[in-house]
Amino acid sequence: MNKEMLQYFSEVLNRQLLDALPEARGMLPGLLDALDHREPMDEVDFASHQYSQEFNIRIHRHHHMKFREILAAIQRLSDGEYGICEECGDEIGVDRLKVQPFTTVCLACRRQLEMLSGAGSKRMKRSSSQGMEQM
Ligand SMILES: [Zn+2]
């Protein structure tokens, strides 16, 4: 990848990092504030309170993951490893990186990994239930 492209992706990733920052930080306190203004809770309120807490954490985790992926991509840029597939070592390709700047594998490897992880999780379920039976 040439210097211009690296510069381009460095700008894209830094912008995405800034976008992800207020999202990752802001969402949780905002919704907790809204809950604080409510009347003391009866049982129904308590249940919905717990539900929104759970929902919050899920959103929060999602943004946190994206945040980490962007940070990792910026790290790879500075290490000179950006745009190289982690699996096969080929170039990921500018077109794919433009769509997903923080991806770590090329399209062919992505597909293969998806297939493997689908089969892998089934295998894991089976072996863990076997483990339970043995106990
Ligand atoms: Zn690859």
# chains A, B, ... in the order shown; residues from 1 in each chain; ligands from 1
>>> residues_near_ligand(ligand="ligand 1", cutoff="7 Å", atoms="only C-alpha atoms and all ligand atoms", output="ChimeraX atom specification")
/A:85-90,92,105-109
>>> atom_distance(atom1="CA of Phe102 (chain A)", atom2="CA of Gln53 (chain A)")
28.9 Å
>>> atom_distance(atom1="CA of Tyr82 (chain A)", atom2="CA of His62 (chain A)")
23.0 Å
>>> residues_around(residues="region 69-73 of chain A", least_positions_apart="2", cutoff="10 Å", atoms="only C-alpha atoms", output="PyMOL selection string")
chain A and resi 9-10+12-17+20+63-67+75-79+81-83+101-104
>>> atom_distance(atom1="CA of Met115 (chain A)", atom2="CA of Ile84 (chain A)")
20.9 Å
>>> closest_residue(among="A:Ile74, A:Arg110, A:Val94, A:Gly118", to="Glu11 (chain A)", atoms="only C-alpha atoms")
A:Ile74
